[in-house]
Amino acid sequence: MSERFFPDSMPPPLADTITLPWWQAAALHRLVVQRCTSCEHTRLPPAPVCPECRSADSAWKEVSGRGEVYTYTVVHRPIAAGQTLPYVIAVIALEDAGGVRILSNVVGANPKEIRIGMPVELVWEDMSADLAIPRFRPTQSEMK
Amino acid sequence: MSRSRAHIVGVGESRYARWGKIGDVTEHALACQAIQRAVADAGLSMDDVDGLASFAEDRNEAVFLAAELGLPALRFANMVWLPGGGGGCAAISNASMAVETGQAEVVVVYRSLCQGQFFRFGTGGLDASAPVEPKPPTVQQANSLMLASMGFAIPYGLVMAAAAYALPTRRHMHLYGTTSEQLGRIAVTFREHASRNPRAVMGGRPMTLEDHQASPMIADPHRLFDCCLESDGACAVVVTTAERARDLAKRPVEILASEQGAPKGYAFGHFTNANIADEIYATGGCEQMAGRLWAKAGVGPGDVDVAQIYDHFTGCVLMQIEDYGFCQRGEGGPFIESGALSWHGGSLPTNTHGGSLSEAYIHGLNHVVEGVRSLRRESTSPVENAEVCLVTSGACVPSSAVLLGRK
């Protein structure tokens, strides 16, 4: 199991048949985005139709998980028992994902030091054998 | 040209209280009370009402209220899809469409909230003090599109509106140098307005900028006093035809134009969507709609005498002021610092009732009520010679707006 950042009591993801494959990939530590096989437009969260060309054909593309903080908030109220406060919710602009951003957390950093534009990298948090949540931490080389 | 436009002829409300403080009256009974008061304010009888309209997250179905209030015939029962407070003005808009097209003649738009009787907003139904489930966490079945979308927010702890709307506000600060003190000026100004309004929940609680800066951080940059109240209460607005409006009890207010909607790809807005286009990320998402609203009404931001702007959070007020063109993009902070929002001498007197930040949080329908009062010269913070009032509903989610004119 990986390093833990949030307690088991954090609310689990909810998925339907469109979004479940994304979480199944996550369980295997694969961060994927959905790419339209007709026009190459990339999207997240997964959706049944490409909003650009309206094609229903798509494929999963694995991305590196490198990116930068697009915006963030430092939250001082718990939503789950045993949560460490404050915690950081951030929008991460992914580097090789066709311009797609992902909502996540920045972990392993002093919340006071989070900045827009800060380079981050993916870190998986295994919540259980079947559930891994992608979170982000400052790029390690940045910290040296 | 204005002959066929719908008019607002009555407004009313129950008492407003802090969340959970109205326990002796059920939420739907409170809705009935507000509707009856609004109809009486118009000088109409409940027998005249043939339509009811509300907006998302209402628990009080129109069909039951119609039965409880003894409507002789329900001809129009309408619900707006736009999320929560984003739909208030859209419900007014739908009511006006109904009366303008003869679907109904007198439509009452209503909202009632008694959070203590149900659940508190902003918790996602979660209880941080609840014991931990012993079984290991796994992906759960989402039995709605909304929950599947929330699946990409709640595992990261995003369930609170204060955190969701902090994201665009933080980016606005980054791009334009907007400060917490500028946001604080919004809260302080609305509190001043509330202090003059006997209906306001926070009427007796003055606030200084120092108080704002000392209030606890909830979701940076949102301090406690950047967040709207949580209230119990109900209000209602009566919409009818121009013809019917002519000889009723109060001076009618004309609905000059109304608009609703969302930009491309907006979905539920900042609550679940990390991929709102960069050009409109640090905005309230209302710019497109504002352009349509001005074009439709044939007036511009410079013609607005008073505004009632949806204020779930201070940052959302600031971004809407830019969206609607009252100042340039990025200049909302200095605009607010100029004292523009004050009822007394401000260039854009805003939320003269105190808003959701200080009067009550009735999902912004109380902003429509105040818009009507401001044009009738009934506001407790009156704006001299006000002829045109902008009312907005929601921002950073799909939203709506109406432009009201004094007859």
# chains A, B, ... in the order shown; residues from 1 in each chain; ligands from 1
>>> interface_residues(of="chain B", to="chain A", cutoff="7 Å", atoms="only C-alpha atoms", output="ChimeraX atom specification")
/B:126-130,132-133,136-142,147-148,151-157,163,166-167,170-171,217-220,274-275
>>> residues_around(residues="Gln308 of chain B", least_positions_apart="2", cutoff="12 Å", atoms="only C-alpha atoms", output="short mmCIF file (atom, residue, chain, number, x, y, z; two decimals) with C-alpha atoms, in the first residue's frame")
data_model
loop_
_atom_site.label_atom_id
_atom_site.label_comp_id
_atom_site.auth_asym_id
_atom_site.auth_seq_id
_atom_site.Cartn_x
_atom_site.Cartn_y
_atom_site.Cartn_z
CA CYS B 89 -34.50 34.55 -12.25
CA PHE B 190 -24.13 44.48 2.29
CA HIS B 193 -27.64 47.64 3.98
CA VAL B 304 -28.78 50.26 -14.36
CA ASP B 305 -29.68 52.33 -11.29
CA VAL B 306 -29.64 49.56 -8.72
CA TYR B 310 -26.54 36.85 -6.31
CA ASP B 311 -24.08 36.72 -3.44
CA VAL B 317 -20.24 39.08 -6.73
CA GLN B 320 -20.42 39.00 -11.90
CA ILE B 321 -19.85 42.77 -11.75
CA LEU B 341 -21.90 49.13 -4.13
CA SER B 342 -23.19 51.43 -1.39
CA TRP B 343 -26.90 52.34 -1.38
CA LEU B 348 -23.92 50.75 -8.58
CA PRO B 349 -25.97 50.41 -5.38
CA THR B 350 -26.11 46.66 -4.87
CA ASN B 351 -28.05 44.31 -2.59
CA THR B 352 -29.96 47.05 -0.86
CA HIS B 353 -31.66 44.40 1.32
CA GLY B 354 -28.34 42.98 2.52
CA GLY B 355 -28.28 40.06 0.10
CA SER B 356 -27.69 36.42 0.91
CA LEU B 357 -24.65 37.56 2.87
CA GLU B 359 -30.53 39.54 4.75
CA GLY B 364 -31.74 34.50 -4.25
CA LEU B 365 -35.46 34.80 -4.87
CA ASN B 366 -35.35 37.45 -2.13
CA HIS B 367 -33.14 39.44 -4.55
CA VAL B 368 -36.07 39.59 -6.99
CA VAL B 369 -38.33 40.68 -4.13
CA GLU B 370 -35.88 43.47 -3.28
CA GLY B 371 -35.52 44.43 -6.95
CA VAL B 372 -39.27 45.01 -7.07
CA ARG B 373 -39.23 46.97 -3.81
CA SER B 374 -36.35 49.12 -4.98
CA LEU B 375 -38.30 50.19 -8.09
CA SER B 379 -36.66 49.53 -0.12
CA VAL B 388 -33.89 50.07 -13.93
CA CYS B 389 -32.77 47.20 -11.68
CA LEU B 390 -30.64 44.19 -12.60
CA VAL B 391 -31.29 41.01 -10.64
CA THR B 392 -28.99 38.02 -11.06
CA SER B 393 -29.27 34.41 -9.90
CA GLY B 394 -26.20 32.32 -9.36
CA ALA B 401 -30.90 37.19 -14.72
CA VAL B 402 -33.79 39.60 -15.13
CA LEU B 403 -33.81 43.27 -15.88
CA LEU B 404 -36.67 45.09 -14.17
#
>>> atom_distance(atom1="atom CA of Ala262 of chain B", atom2="atom CA of Ser4 of chain B")
26.9 Å
>>> atom_distance(atom1="atom CA of Ser231 of chain B", atom2="atom CA of Pro216 of chain B")
19.8 Å
>>> closest_residue(among="B:Thr169, B:Thr208, B:Ser358, B:Thr240", to="Ile280 of chain B", atoms="only C-alpha atoms")
B:Thr169
>>> select_by_dssp(residues="segment 14-142 of chain A", states="strand (DSSP E or B)", output="PDB file with C-alpha atoms, in the first residue's frame")
ATOM      1  CA  LEU A  14     -19.423   7.320  -7.387  1.00  0.00           C
ATOM      2  CA  ALA A  15     -19.378   5.996 -10.928  1.00  0.00           C
ATOM      3  CA  VAL A  32      -6.117   8.188 -18.295  1.00  0.00           C
ATOM      4  CA  VAL A  33      -8.025  10.761 -20.288  1.00  0.00           C
ATOM      5  CA  GLN A  34     -10.661  10.081 -22.906  1.00  0.00           C
ATOM      6  CA  ARG A  35      -9.670  10.898 -26.470  1.00  0.00           C
ATOM      7  CA  CYS A  36     -12.079  11.137 -29.375  1.00  0.00           C
ATOM      8  CA  THR A  42      -9.406  15.065 -25.313  1.00  0.00           C
ATOM      9  CA  ARG A  43     -11.892  15.171 -22.447  1.00  0.00           C
ATOM     10  CA  SER A  58     -13.319   7.182 -28.019  1.00  0.00           C
ATOM     11  CA  ALA A  59     -10.225   5.572 -26.533  1.00  0.00           C
ATOM     12  CA  TRP A  60      -8.368   5.879 -23.255  1.00  0.00           C
ATOM     13  CA  LYS A  61      -5.007   7.619 -23.342  1.00  0.00           C
ATOM     14  CA  GLU A  62      -2.617   7.211 -20.446  1.00  0.00           C
ATOM     15  CA  GLY A  67       1.325  19.140 -14.572  1.00  0.00           C
ATOM     16  CA  GLU A  68       1.002  22.415 -12.747  1.00  0.00           C
ATOM     17  CA  VAL A  69      -1.386  23.982 -10.289  1.00  0.00           C
ATOM     18  CA  TYR A  70      -4.008  25.966 -12.245  1.00  0.00           C
ATOM     19  CA  THR A  71      -5.857  27.099  -9.138  1.00  0.00           C
ATOM     20  CA  TYR A  72      -6.383  25.848  -5.582  1.00  0.00           C
ATOM     21  CA  THR A  73      -8.105  26.377  -2.270  1.00  0.00           C
ATOM     22  CA  VAL A  74      -6.919  25.532   1.230  1.00  0.00           C
ATOM     23  CA  VAL A  75      -9.885  24.001   3.060  1.00  0.00           C
ATOM     24  CA  TYR A  87      -6.098  20.228   3.112  1.00  0.00           C
ATOM     25  CA  VAL A  88      -5.597  21.489  -0.412  1.00  0.00           C
ATOM     26  CA  ILE A  89      -8.056  21.044  -3.269  1.00  0.00           C
ATOM     27  CA  ALA A  90      -6.505  22.012  -6.585  1.00  0.00           C
ATOM     28  CA  VAL A  91      -7.183  22.067 -10.290  1.00  0.00           C
ATOM     29  CA  ILE A  92      -4.166  20.572 -12.058  1.00  0.00           C
ATOM     30  CA  ALA A  93      -3.421  21.427 -15.695  1.00  0.00           C
ATOM     31  CA  LEU A  94      -1.996  18.169 -17.034  1.00  0.00           C
ATOM     32  CA  ARG A 101      -7.312  19.632 -16.288  1.00  0.00           C
ATOM     33  CA  ILE A 102      -8.171  17.418 -13.360  1.00  0.00           C
ATOM     34  CA  LEU A 103      -9.619  18.274  -9.978  1.00  0.00           C
ATOM     35  CA  SER A 104      -7.552  16.703  -7.205  1.00  0.00           C
ATOM     36  CA  ASN A 105      -5.504  17.486  -4.103  1.00  0.00           C
ATOM     37  CA  VAL A 106      -1.990  18.714  -3.545  1.00  0.00           C
ATOM     38  CA  PRO A 119       4.880  22.079 -11.003  1.00  0.00           C
ATOM     39  CA  VAL A 120       3.346  18.923  -9.589  1.00  0.00           C
ATOM     40  CA  GLU A 121       3.497  15.206 -10.171  1.00  0.00           C
ATOM     41  CA  LEU A 122       1.097  12.359  -9.679  1.00  0.00           C
ATOM     42  CA  VAL A 123       1.046  10.320  -6.503  1.00  0.00           C
ATOM     43  CA  TRP A 124      -1.389   7.438  -6.088  1.00  0.00           C
ATOM     44  CA  GLU A 125      -3.128   6.931  -2.790  1.00  0.00           C
ATOM     45  CA  ASP A 126      -4.344   3.372  -2.381  1.00  0.00           C
ATOM     46  CA  MET A 127      -7.497   3.658  -0.316  1.00  0.00           C
ATOM     47  CA  SER A 128      -8.052  -0.105  -0.549  1.00  0.00           C
ATOM     48  CA  LEU A 131      -9.532   1.862  -5.031  1.00  0.00           C
ATOM     49  CA  ALA A 132      -6.693   4.251  -5.823  1.00  0.00           C
ATOM     50  CA  ILE A 133      -7.136   8.012  -5.922  1.00  0.00           C
ATOM     51  CA  PRO A 134      -4.794  10.188  -8.007  1.00  0.00           C
ATOM     52  CA  ARG A 135      -3.411  13.071  -6.002  1.00  0.00           C
ATOM     53  CA  PHE A 136      -0.510  15.414  -6.723  1.00  0.00           C
ATOM     54  CA  ARG A 137       2.581  16.608  -4.900  1.00  0.00           C
ATOM     55  CA  PRO A 138       5.165  19.253  -5.733  1.00  0.00           C
TER      56      PRO A 138
END
>>> select_by_dssp(residues="segment 139-263 of chain B", states="alpha helix (DSSP H)", output="PyMOL selection string")
chain B and resi 145-150+161-164+166-176+180-194+209-214+242-245
>>> write_last_selection(atoms="N, CA and C atoms", output="tab-separated table (two decimals), in the first residue's frame")
chain	number	residue	atom	x	y	z
B	145	LEU	N	-26.79	11.12	-13.04
B	145	LEU	CA	-25.74	11.82	-13.79
B	145	LEU	C	-25.00	12.79	-12.88
B	146	MET	N	-25.74	13.45	-12.00
B	146	MET	CA	-25.14	14.39	-11.07
B	146	MET	C	-24.14	13.69	-10.15
B	147	LEU	N	-24.52	12.52	-9.64
B	147	LEU	CA	-23.63	11.81	-8.72
B	147	LEU	C	-22.39	11.28	-9.45
B	148	ALA	N	-22.57	10.86	-10.70
B	148	ALA	CA	-21.40	10.41	-11.47
B	148	ALA	C	-20.44	11.57	-11.68
B	149	SER	N	-20.99	12.76	-11.91
B	149	SER	CA	-20.17	13.96	-12.07
B	149	SER	C	-19.51	14.33	-10.75
B	150	MET	N	-20.25	14.23	-9.66
B	150	MET	CA	-19.68	14.50	-8.34
B	150	MET	C	-18.59	13.48	-7.98
B	161	ALA	N	-19.72	24.35	-1.22
B	161	ALA	CA	-19.73	25.44	-2.21
B	161	ALA	C	-18.62	26.44	-1.92
B	162	ALA	N	-18.33	26.66	-0.65
B	162	ALA	CA	-17.29	27.64	-0.29
B	162	ALA	C	-15.94	27.25	-0.89
B	163	ALA	N	-15.69	25.94	-1.02
B	163	ALA	CA	-14.44	25.48	-1.63
B	163	ALA	C	-14.52	25.53	-3.15
B	164	ALA	N	-15.66	25.14	-3.70
B	164	ALA	CA	-15.81	25.11	-5.16
B	164	ALA	C	-15.58	26.49	-5.77
B	166	ALA	N	-14.17	29.02	-4.38
B	166	ALA	CA	-12.86	29.57	-4.04
B	166	ALA	C	-11.89	29.39	-5.21
B	167	LEU	N	-12.13	28.33	-6.01
B	167	LEU	CA	-11.17	28.01	-7.09
B	167	LEU	C	-11.09	29.13	-8.14
B	168	PRO	N	-12.23	29.56	-8.73
B	168	PRO	CA	-12.14	30.68	-9.67
B	168	PRO	C	-11.72	31.99	-9.00
B	169	THR	N	-12.14	32.18	-7.74
B	169	THR	CA	-11.80	33.42	-7.05
B	169	THR	C	-10.29	33.50	-6.81
B	170	ARG	N	-9.70	32.38	-6.40
B	170	ARG	CA	-8.24	32.34	-6.20
B	170	ARG	C	-7.52	32.67	-7.51
B	171	ARG	N	-8.02	32.14	-8.61
B	171	ARG	CA	-7.38	32.41	-9.90
B	171	ARG	C	-7.57	33.88	-10.30
B	172	HIS	N	-8.72	34.44	-9.98
B	172	HIS	CA	-8.94	35.86	-10.25
B	172	HIS	C	-7.91	36.70	-9.49
B	173	MET	N	-7.65	36.34	-8.24
B	173	MET	CA	-6.65	37.05	-7.44
B	173	MET	C	-5.26	36.94	-8.08
B	174	HIS	N	-4.96	35.74	-8.58
B	174	HIS	CA	-3.67	35.49	-9.22
B	174	HIS	C	-3.52	36.32	-10.50
B	175	LEU	N	-4.57	36.37	-11.29
B	175	LEU	CA	-4.49	37.04	-12.59
B	175	LEU	C	-4.50	38.57	-12.46
B	176	TYR	N	-5.30	39.07	-11.49
B	176	TYR	CA	-5.56	40.51	-11.47
B	176	TYR	C	-5.16	41.21	-10.18
B	180	SER	N	-8.20	40.07	-0.56
B	180	SER	CA	-9.22	39.67	0.42
B	180	SER	C	-9.93	40.90	0.99
B	181	GLU	N	-9.21	42.01	1.13
B	181	GLU	CA	-9.83	43.23	1.65
B	181	GLU	C	-10.89	43.74	0.67
B	182	GLN	N	-10.62	43.61	-0.62
B	182	GLN	CA	-11.62	44.03	-1.61
B	182	GLN	C	-12.87	43.17	-1.51
B	183	LEU	N	-12.67	41.87	-1.32
B	183	LEU	CA	-13.83	40.99	-1.12
B	183	LEU	C	-14.57	41.40	0.16
B	184	GLY	N	-13.79	41.74	1.17
B	184	GLY	CA	-14.37	42.13	2.46
B	184	GLY	C	-15.26	43.36	2.34
B	185	ARG	N	-14.87	44.27	1.46
B	185	ARG	CA	-15.69	45.49	1.27
B	185	ARG	C	-17.10	45.13	0.81
B	186	ILE	N	-17.22	44.08	0.04
B	186	ILE	CA	-18.55	43.63	-0.43
B	186	ILE	C	-19.39	43.21	0.77
B	187	ALA	N	-18.80	42.36	1.62
B	187	ALA	CA	-19.53	41.85	2.78
B	187	ALA	C	-19.92	42.98	3.73
B	188	VAL	N	-19.00	43.91	3.94
B	188	VAL	CA	-19.25	45.02	4.87
B	188	VAL	C	-20.36	45.93	4.33
B	189	THR	N	-20.33	46.21	3.04
B	189	THR	CA	-21.35	47.07	2.42
B	189	THR	C	-22.74	46.44	2.53
B	190	PHE	N	-22.82	45.14	2.23
B	190	PHE	CA	-24.13	44.48	2.29
B	190	PHE	C	-24.63	44.43	3.75
B	191	ARG	N	-23.70	44.29	4.69
B	191	ARG	CA	-24.09	44.28	6.10
B	191	ARG	C	-24.67	45.64	6.50
B	192	GLU	N	-24.07	46.71	5.98
B	192	GLU	CA	-24.62	48.06	6.24
B	192	GLU	C	-26.05	48.15	5.73
B	193	HIS	N	-26.28	47.61	4.54
B	193	HIS	CA	-27.64	47.64	3.98
B	193	HIS	C	-28.58	46.82	4.86
B	194	ALA	N	-28.12	45.68	5.32
B	194	ALA	CA	-28.95	44.82	6.18
B	194	ALA	C	-29.31	45.52	7.48
B	209	LEU	N	-14.45	46.02	8.33
B	209	LEU	CA	-13.47	45.30	7.51
B	209	LEU	C	-12.51	44.49	8.39
B	210	GLU	N	-12.23	45.02	9.58
B	210	GLU	CA	-11.36	44.29	10.52
B	210	GLU	C	-12.05	42.99	10.96
B	211	ASP	N	-13.36	43.08	11.22
B	211	ASP	CA	-14.11	41.87	11.60
B	211	ASP	C	-14.01	40.84	10.47
B	212	HIS	N	-14.18	41.32	9.24
B	212	HIS	CA	-14.09	40.41	8.09
B	212	HIS	C	-12.73	39.73	8.04
B	213	GLN	N	-11.68	40.53	8.19
B	213	GLN	CA	-10.32	39.98	8.09
B	213	GLN	C	-10.00	39.04	9.25
B	214	ALA	N	-10.69	39.22	10.38
B	214	ALA	CA	-10.44	38.36	11.53
B	214	ALA	C	-11.32	37.11	11.53
B	242	ALA	N	-49.30	42.31	-18.83
B	242	ALA	CA	-49.33	43.77	-18.78
B	242	ALA	C	-50.76	44.26	-18.56
B	243	GLU	N	-51.72	43.62	-19.22
B	243	GLU	CA	-53.12	44.03	-19.12
B	243	GLU	C	-53.63	43.89	-17.70
B	244	ARG	N	-53.35	42.73	-17.12
B	244	ARG	CA	-53.83	42.43	-15.76
B	244	ARG	C	-53.11	43.33	-14.73
B	245	ALA	N	-51.87	43.69	-15.05
B	245	ALA	CA	-51.06	44.45	-14.10
B	245	ALA	C	-51.56	45.88	-13.93
>>> residues_around(residues="Val99 of chain B", least_positions_apart="2", cutoff="12 Å", atoms="only C-alpha atoms", output="short mmCIF file (atom, residue, chain, number, x, y, z; two decimals) with C-alpha atoms, in the first residue's frame")
data_model
loop_
_atom_site.label_atom_id
_atom_site.label_comp_id
_atom_site.auth_asym_id
_atom_site.auth_seq_id
_atom_site.Cartn_x
_atom_site.Cartn_y
_atom_site.Cartn_z
CA SER B 4 -47.07 42.38 -24.12
CA ARG B 5 -44.26 42.05 -21.58
CA ALA B 6 -44.99 40.35 -18.29
CA HIS B 7 -45.00 42.32 -15.05
CA ILE B 8 -44.32 41.60 -11.41
CA VAL B 49 -53.63 32.20 -9.46
CA ASP B 50 -53.34 29.55 -12.18
CA GLY B 51 -49.60 28.89 -12.27
CA LEU B 52 -46.72 28.05 -9.92
CA ALA B 53 -43.02 28.03 -10.76
CA ARG B 75 -52.50 25.52 -15.72
CA PHE B 76 -48.75 25.94 -15.39
CA ILE B 92 -39.33 34.45 -13.21
CA SER B 93 -38.42 34.21 -16.88
CA ASN B 94 -40.44 31.02 -17.34
CA ALA B 95 -43.39 32.54 -15.51
CA SER B 96 -43.24 35.56 -17.81
CA MET B 97 -43.12 33.30 -20.88
CA THR B 101 -48.04 33.23 -24.35
CA GLY B 102 -51.34 32.67 -22.60
CA GLN B 103 -50.35 29.41 -20.89
CA ALA B 104 -51.44 31.01 -17.64
CA GLU B 105 -52.47 34.42 -16.40
CA VAL B 106 -51.16 34.73 -12.86
CA VAL B 107 -48.05 32.71 -11.98
CA VAL B 108 -46.43 32.75 -8.54
CA VAL B 238 -46.39 37.24 -8.58
CA VAL B 239 -46.05 37.52 -12.37
CA THR B 240 -48.91 38.46 -14.68
CA THR B 241 -49.70 40.07 -18.01
CA ALA B 242 -49.33 43.77 -18.78
CA GLU B 243 -53.12 44.03 -19.12
CA ARG B 244 -53.83 42.43 -15.76
CA ALA B 245 -51.06 44.45 -14.10
CA ILE B 255 -39.76 42.53 -16.79
#
>>> atom_distance(atom1="atom CA of Ala40 of chain B", atom2="atom CA of Arg376 of chain B")
16.1 Å
>>> decode(residues="segment 366-378 of chain B", atoms="N, CA and C atoms", output="compact mmCIF listing (two decimals), in the first residue's frame")
# COMPACT_ATOMS: atom_id res chain seq x y z
N ASN B 366 -35.18 36.21 -2.88
CA ASN B 366 -35.35 37.45 -2.13
C ASN B 366 -34.66 38.63 -2.83
N HIS B 367 -33.75 38.37 -3.76
CA HIS B 367 -33.14 39.44 -4.55
C HIS B 367 -34.16 40.00 -5.55
N VAL B 368 -35.01 39.12 -6.09
CA VAL B 368 -36.07 39.59 -6.99
C VAL B 368 -37.07 40.43 -6.19
N VAL B 369 -37.41 39.94 -5.01
CA VAL B 369 -38.33 40.68 -4.13
C VAL B 369 -37.77 42.08 -3.88
N GLU B 370 -36.49 42.17 -3.56
CA GLU B 370 -35.88 43.47 -3.28
C GLU B 370 -35.80 44.33 -4.55
N GLY B 371 -35.55 43.69 -5.68
CA GLY B 371 -35.52 44.43 -6.95
C GLY B 371 -36.85 45.13 -7.19
N VAL B 372 -37.93 44.42 -6.91
CA VAL B 372 -39.27 45.01 -7.07
C VAL B 372 -39.44 46.15 -6.07
N ARG B 373 -39.06 45.91 -4.83
CA ARG B 373 -39.23 46.97 -3.81
C ARG B 373 -38.39 48.20 -4.14
N SER B 374 -37.20 47.96 -4.69
CA SER B 374 -36.35 49.12 -4.98
C SER B 374 -36.97 50.00 -6.07
N LEU B 375 -37.66 49.39 -7.04
CA LEU B 375 -38.30 50.19 -8.09
C LEU B 375 -39.64 50.76 -7.65
N ARG B 376 -40.27 50.14 -6.66
CA ARG B 376 -41.50 50.70 -6.09
C ARG B 376 -41.19 51.79 -5.05
N ARG B 377 -39.90 52.01 -4.78
CA ARG B 377 -39.46 52.96 -3.73
C ARG B 377 -39.87 52.46 -2.35
N GLU B 378 -39.89 51.14 -2.17
CA GLU B 378 -40.25 50.56 -0.86
C GLU B 378 -39.03 50.03 -0.13
